[in-house]
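For reference, the structure is listed below as structure tokens.
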Number of protein chains: 2
Amino acid sequence: MKKVRIVVWGLGAMGSGMAKALLARPGVEIVGAIDRHEGRMGRPLGQVLGIDGPDINIEADPQTIIVEGSADLAIIATASFTTEVYQQLEMAAKAKMNIITIAEEMAFPAAQQPELAKQLDQLAKENNVTILGTGINPGFVLDTLIIAMTGVCLEVESIKAVRINDLSPFGPTVMHTQGVGTTPEEFAQGVDAGTIVGHVGFPESMEMIAAALGWKLDSIEQTKEPIVSTVYRETPHVTVQPGMVAGCKHIANGKINGKTVITLEHPQQVRPELEEVETGDYIYVTGTPGINLSIKPEIPGGIGTMAMAINMIPQVLQAGPGLKTMKDLPIPAAVLGDIRDLLTQE
Amino acid sequence: MKKVRIVVWGLGAMGSGMAKALLARPGVEIVGAIDRHEGRMGRPLGQVLGIDGPDINIEADPQTIIVEGSADLAIIATASFTTEVYQQLEMAAKAKMNIITIAEEMAFPAAQQPELAKQLDQLAKENNVTILGTGINPGFVLDTLIIAMTGVCLEVESIKAVRINDLSPFGPTVMHTQGVGTTPEEFAQGVDAGTIVGHVGFPESMEMIAAALGWKLDSIEQTKEPIVSTVYRETPHVTVQPGMVAGCKHIANGKINGKTVITLEHPQQVRPELEEVETGDYIYVTGTPGINLSIKPEIPGGIGTMAMAINMIPQVLQAGPGLKTMKDLPIPAAVLGDIRDLLTQE
């Protein structure tokens, strides 16, 4: 059986990490790499990754790489929103490539882009390929894992989940989009202006949970509150004085008939330990039985997203054609051996 | 769309609970019930369940119920071992019924009955039905959930999981099979004689994890140790003096090249709180990243098993034909609305 041929589209932190992880595995090969970033395009892939890589150059023009018959699967790690990646998805699907993307909205595109979701489903079916959006969040912690946990319940009254993480490793862009280092007034203005965005993915996680459980949400309300620090906090990229904002507490409430049935909270801040905030992923189900689940510390976002995308390759290659979400496919699993062994089991 | 027609085969504690839960749901109907127990056979189902039930009698003879065209799915809750349920599975499959069974070994029958597993797969395919074994353990806590959690890992070095539960609600049979109330000497004799069995399902959970991750286990070693109480413990069915056995600590180690890669522990005892033992489900993955997951208290075994079996109905009805395990099907989810809405989504 030939190796699984993969194109990696987008070689930022996530794309590069996935490329490295793929190159370390038997059974797969990277047959193409696309990135139009100045520092990466035209250079050998291995050089950009800092490893002995395969003998291929990173191309700026996808037309030379996304060619029918050249690859079994494309991993697309270029942007967060469905509208941003739609053309890339279309191009790869038309070239008969299965697709895994970490674009957050693609975890459940029907939530905010129902028309595009339908078109993608049709495109995938016309070209006999599978399209999946995944990642750690959305894609796992605040949706797939919650759904799986409700599998042990005879009744579910409501769900609350909280992901408390540490933004300290991240750079200036994340500090800006989360409002770290602002005053509470600047934070409020940033939220109003849309420059402080908080977490991308709540409607997607909410609607995935609802669809899996057979709920129809009437509304999803989101709030972004400043996490005002009482202590001095510092990272290589930002300093936060007491009284300033250390992060964004983004909350979403999904309601049915005025009652909140799903609450998802994602407080993201730098140096949470300085105020004795313990990072972790927490899932509480009120139902029969109730569930009280903790993961401490939280599953790291970067590695987790890369792993989810790579580990879902066998499921995507074996799924029927169409746009799929994590709730539609067999459970994820770490792919540790030759991926081809998993493909030939069935 | 017609209601999903279900036969419930076996109306012990689990079967009765599932029947009640099914009768409370829209979109499904119980069209047949089978049990040859003296107190149940021949009686109206509702009377045995203690509710206003459907107008059907519990039949002792499966031949009158397991008839082609009469049901879409059979739930089989009669026994623990593959050899015990094989003929029932065969009969239901030949009657073109999809099957969900909570027989523990059927969670991954290839582990101990590879030939029967092959035959069941062939039977299922010949009759275009799906056969699934599930439950809380094996079926979820110590296998499916572990596998799903490894989906966030780029590397997995080893896995340890512990399920600490409370046997206090159970009756004399469970007390005997777990050795509760024996002396340490009697416990050792009971283990040797096979009367103290501990947990049924470790080889199944181990092999399901290994298959999902692409590992080949060289050996699975099991030990059953007495949990010797230092305090007096009492339930309605048993008393345990200090120095006597309060339960069975059953441990399984799965090895590759002499190294333990999977450790599953299931200490089961009465009144664990009297020695400040906190019940819970715990999963630890040593890998990239490491995972430290807790569910406190543990997911209750009875409700959890009933829920898993019922909640997997949509996945089983929509799966391709064959013998499936939890790792092969989409993630479980609580079925809260009309099950038919979930079936028509695709």
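In the structure tokens, the first chain shown is A, the next is B, and so on; residue numbers restart at 1 for each chain, and ligands run from 1 in the order shown.
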Practice prompt. Select all residues from chain A having any atom no more than 7 Å from an atom of chain B (counting only C-alpha atoms, ignoring ligands), output as a PyMOL selection string.
Written response: chain A and resi 147-148+150-155+212-215+292-296+304+307-308+311+327-337+342
Discussion item. As a list in words, please: the residues near stretch 72-75 of chain B (cut-off 7 Å, only C-alpha atoms, same-chain neighbours under 3 positions excluded).
Written reply: Val4, Arg5, Ile6, Val7, Val8, Trp9, Ala92, Met97, Asn98, Ile99, Ile100 and Thr101 of chain B
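In this comparison, which uses only C-alpha atoms, the residue of A:Leu116, A:Val67, A:Gly12, A:Glu273 approaching A:Val48 most closely is A:Gly12.
Between atom CA of A:Ala103 and atom CA of A:Arg36 there is a distance of 17.4 Å.
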Discussion item. For the strand (DSSP E or B) assignment from backbone DSSP, which residues of stretch 316-346 of chain B qualify? Please present them as an MDAnalysis selection string.
Written reply: chainID B and resid 322:324 330
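With only C-alpha atoms as the atoms that count, the residue of B:Gly171, B:Gly139, B:Gly181, B:Gln47 with the shortest distance to B:Thr239 is B:Gly181.
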Worksheet entry | 12 Å contact set for stretch 123-126 of chain A, only C-alpha atoms, chain neighbours under 3 positions out, as a PyMOL selection string | chain A and resi 86-87+89-99+116-120+129-132+316+319-324
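Among the candidates B:Val228, B:Leu23, B:Ile220, B:Val238, the one nearest to B:Ala252 when counting only C-alpha atoms is B:Ile220.
Note that the spacing between atom CA of A:Ala24 and atom CA of B:Glu207 amounts to 25.3 Å.
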Worksheet item: With only C-alpha atoms as the atoms that count, which of A:Pro314, A:Gly247, A:Pro242, A:Gly10 lies nearest to A:Ala79?
Response: A:Gly10
Which residues are close to stretch 185-195 of chain A, i.e. within 7 Å by only C-alpha atoms, leaving aside same-chain residues fewer than 5 positions away? Reply as a PDB file with C-alpha atoms, in the first residue's frame.
```
ATOM      1  CA  THR A 177      -6.963  40.111  20.389  1.00  0.00           C
ATOM      2  CA  GLY A 179      -7.006  42.693  25.386  1.00  0.00           C
ATOM      3  CA  PRO A 226     -12.049  41.861  31.320  1.00  0.00           C
TER       4      PRO A 226
END
```
Discussion item. I'd like the contact shell of A:Gly258 - 12 Å cut-off, only C-alpha atoms, skipping same-chain residues fewer than 6 positions apart - returned as a PyMOL selection string.
Written reply: chain A and resi 217-221
Practice prompt. If you run DSSP over the backbone, which residues in stretch 104-310 of chain A end up helix (DSSP H, G or I)? Put them as a PyMOL selection string.
Written response: chain A and resi 104-107+109-111+114-126+144-150+172-178+184-193+202-213+272-275+301-310
Worksheet item: Hey, what's within 12 Å of B:Gln222 if we count only C-alpha atoms and toss same-chain stuff fewer than 4 positions away? As number ranges by chain, please?
Response: B: 191, 197-203, 206, 249-255, 262-266
Please produce a file of those selected residues containing N, CA, C and O atoms, as a PDB file, in the first residue's frame.
```pdb
ATOM      1  N   VAL B 191     -10.056 -16.685  44.438  1.00  0.00           N
ATOM      2  CA  VAL B 191      -9.430 -16.259  43.180  1.00  0.00           C
ATOM      3  C   VAL B 191      -8.898 -17.481  42.442  1.00  0.00           C
ATOM      4  O   VAL B 191      -9.114 -17.648  41.231  1.00  0.00           O
ATOM      5  N   VAL B 197     -14.160 -13.330  40.796  1.00  0.00           N
ATOM      6  CA  VAL B 197     -13.763 -13.049  39.408  1.00  0.00           C
ATOM      7  C   VAL B 197     -13.282 -11.616  39.205  1.00  0.00           C
ATOM      8  O   VAL B 197     -12.633 -11.302  38.206  1.00  0.00           O
ATOM      9  N   GLY B 198     -13.599 -10.738  40.146  1.00  0.00           N
ATOM     10  CA  GLY B 198     -13.224  -9.337  39.942  1.00  0.00           C
ATOM     11  C   GLY B 198     -14.005  -8.736  38.789  1.00  0.00           C
ATOM     12  O   GLY B 198     -15.186  -9.027  38.603  1.00  0.00           O
ATOM     13  N   HIS B 199     -13.319  -7.936  38.001  1.00  0.00           N
ATOM     14  CA  HIS B 199     -13.951  -7.220  36.889  1.00  0.00           C
ATOM     15  C   HIS B 199     -13.903  -8.054  35.618  1.00  0.00           C
ATOM     16  O   HIS B 199     -12.893  -8.682  35.320  1.00  0.00           O
ATOM     17  N   VAL B 200     -14.976  -8.071  34.864  1.00  0.00           N
ATOM     18  CA  VAL B 200     -14.992  -8.727  33.551  1.00  0.00           C
ATOM     19  C   VAL B 200     -14.832  -7.651  32.487  1.00  0.00           C
ATOM     20  O   VAL B 200     -15.674  -6.754  32.392  1.00  0.00           O
ATOM     21  N   GLY B 201     -13.754  -7.704  31.729  1.00  0.00           N
ATOM     22  CA  GLY B 201     -13.616  -6.727  30.654  1.00  0.00           C
ATOM     23  C   GLY B 201     -12.226  -6.167  30.424  1.00  0.00           C
ATOM     24  O   GLY B 201     -12.031  -5.403  29.477  1.00  0.00           O
ATOM     25  N   PHE B 202     -11.262  -6.509  31.255  1.00  0.00           N
ATOM     26  CA  PHE B 202      -9.935  -5.919  31.057  1.00  0.00           C
ATOM     27  C   PHE B 202      -9.284  -6.272  29.720  1.00  0.00           C
ATOM     28  O   PHE B 202      -8.776  -5.394  29.034  1.00  0.00           O
ATOM     29  N   PRO B 203      -9.273  -7.565  29.335  1.00  0.00           N
ATOM     30  CA  PRO B 203      -8.646  -7.860  28.031  1.00  0.00           C
ATOM     31  C   PRO B 203      -9.343  -7.104  26.895  1.00  0.00           C
ATOM     32  O   PRO B 203      -8.688  -6.639  25.956  1.00  0.00           O
ATOM     33  N   MET B 206      -8.268  -3.381  27.037  1.00  0.00           N
ATOM     34  CA  MET B 206      -6.865  -3.313  26.628  1.00  0.00           C
ATOM     35  C   MET B 206      -6.711  -3.431  25.115  1.00  0.00           C
ATOM     36  O   MET B 206      -6.010  -2.652  24.481  1.00  0.00           O
ATOM     37  N   LYS B 249      -9.248  -5.570  44.401  1.00  0.00           N
ATOM     38  CA  LYS B 249      -8.496  -4.633  43.561  1.00  0.00           C
ATOM     39  C   LYS B 249      -7.969  -5.407  42.366  1.00  0.00           C
ATOM     40  O   LYS B 249      -6.988  -6.134  42.474  1.00  0.00           O
ATOM     41  N   HIS B 250      -8.634  -5.253  41.267  1.00  0.00           N
ATOM     42  CA  HIS B 250      -8.287  -5.991  40.048  1.00  0.00           C
ATOM     43  C   HIS B 250      -7.434  -5.076  39.167  1.00  0.00           C
ATOM     44  O   HIS B 250      -7.816  -3.941  38.884  1.00  0.00           O
ATOM     45  N   ILE B 251      -6.285  -5.588  38.766  1.00  0.00           N
ATOM     46  CA  ILE B 251      -5.329  -4.789  37.993  1.00  0.00           C
ATOM     47  C   ILE B 251      -4.929  -5.556  36.747  1.00  0.00           C
ATOM     48  O   ILE B 251      -4.736  -6.769  36.793  1.00  0.00           O
ATOM     49  N   ALA B 252      -4.817  -4.840  35.635  1.00  0.00           N
ATOM     50  CA  ALA B 252      -4.336  -5.465  34.400  1.00  0.00           C
ATOM     51  C   ALA B 252      -3.204  -4.627  33.829  1.00  0.00           C
ATOM     52  O   ALA B 252      -3.273  -3.395  33.818  1.00  0.00           O
ATOM     53  N   ASN B 253      -2.158  -5.300  33.388  1.00  0.00           N
ATOM     54  CA  ASN B 253      -1.026  -4.638  32.745  1.00  0.00           C
ATOM     55  C   ASN B 253      -0.845  -5.178  31.338  1.00  0.00           C
ATOM     56  O   ASN B 253      -0.693  -6.382  31.144  1.00  0.00           O
ATOM     57  N   GLY B 254      -0.840  -4.274  30.380  1.00  0.00           N
ATOM     58  CA  GLY B 254      -0.593  -4.652  28.995  1.00  0.00           C
ATOM     59  C   GLY B 254       0.833  -4.276  28.628  1.00  0.00           C
ATOM     60  O   GLY B 254       1.259  -3.146  28.868  1.00  0.00           O
ATOM     61  N   LYS B 255       1.560  -5.215  28.058  1.00  0.00           N
ATOM     62  CA  LYS B 255       2.987  -4.995  27.821  1.00  0.00           C
ATOM     63  C   LYS B 255       3.375  -5.137  26.354  1.00  0.00           C
ATOM     64  O   LYS B 255       2.786  -5.928  25.616  1.00  0.00           O
ATOM     65  N   ILE B 262       0.038  -0.120  29.130  1.00  0.00           N
ATOM     66  CA  ILE B 262      -1.321   0.172  29.605  1.00  0.00           C
ATOM     67  C   ILE B 262      -1.515  -0.487  30.970  1.00  0.00           C
ATOM     68  O   ILE B 262      -1.287  -1.689  31.115  1.00  0.00           O
ATOM     69  N   THR B 263      -1.898   0.295  31.947  1.00  0.00           N
ATOM     70  CA  THR B 263      -2.283  -0.241  33.255  1.00  0.00           C
ATOM     71  C   THR B 263      -3.707   0.184  33.549  1.00  0.00           C
ATOM     72  O   THR B 263      -4.028   1.376  33.501  1.00  0.00           O
ATOM     73  N   LEU B 264      -4.565  -0.790  33.797  1.00  0.00           N
ATOM     74  CA  LEU B 264      -5.945  -0.493  34.173  1.00  0.00           C
ATOM     75  C   LEU B 264      -6.187  -1.073  35.560  1.00  0.00           C
ATOM     76  O   LEU B 264      -5.866  -2.235  35.810  1.00  0.00           O
ATOM     77  N   GLU B 265      -6.728  -0.253  36.444  1.00  0.00           N
ATOM     78  CA  GLU B 265      -6.994  -0.704  37.812  1.00  0.00           C
ATOM     79  C   GLU B 265      -8.457  -0.467  38.136  1.00  0.00           C
ATOM     80  O   GLU B 265      -9.011   0.587  37.822  1.00  0.00           O
ATOM     81  N   HIS B 266      -9.063  -1.445  38.789  1.00  0.00           N
ATOM     82  CA  HIS B 266     -10.478  -1.307  39.132  1.00  0.00           C
ATOM     83  C   HIS B 266     -10.704  -1.860  40.537  1.00  0.00           C
ATOM     84  O   HIS B 266     -11.159  -2.982  40.709  1.00  0.00           O
TER      85      HIS B 266
END
```
Item to complete: For B:Tyr232, work out the shell of residues within 10 Å, counting only C-alpha atoms and skipping chain neighbours fewer than 2 positions away, then give it as number ranges by chain.
Response: B: 229-230, 234, 239-244, 246, 271, 274-275
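Closest approach to B:Asn127 among B:Met175, B:Met14, B:Glu68, B:Val28 is made by B:Glu68 (distances from only C-alpha atoms).
Among the candidate residues B:Lys259, B:His237, B:Lys2, B:Arg40, the one lying nearest to B:Glu59 is B:Arg40, with distances computed using only C-alpha atoms.
Coordinates place atom CA of A:Thr78 at a distance of 12.3 Å from atom CA of A:Pro62.
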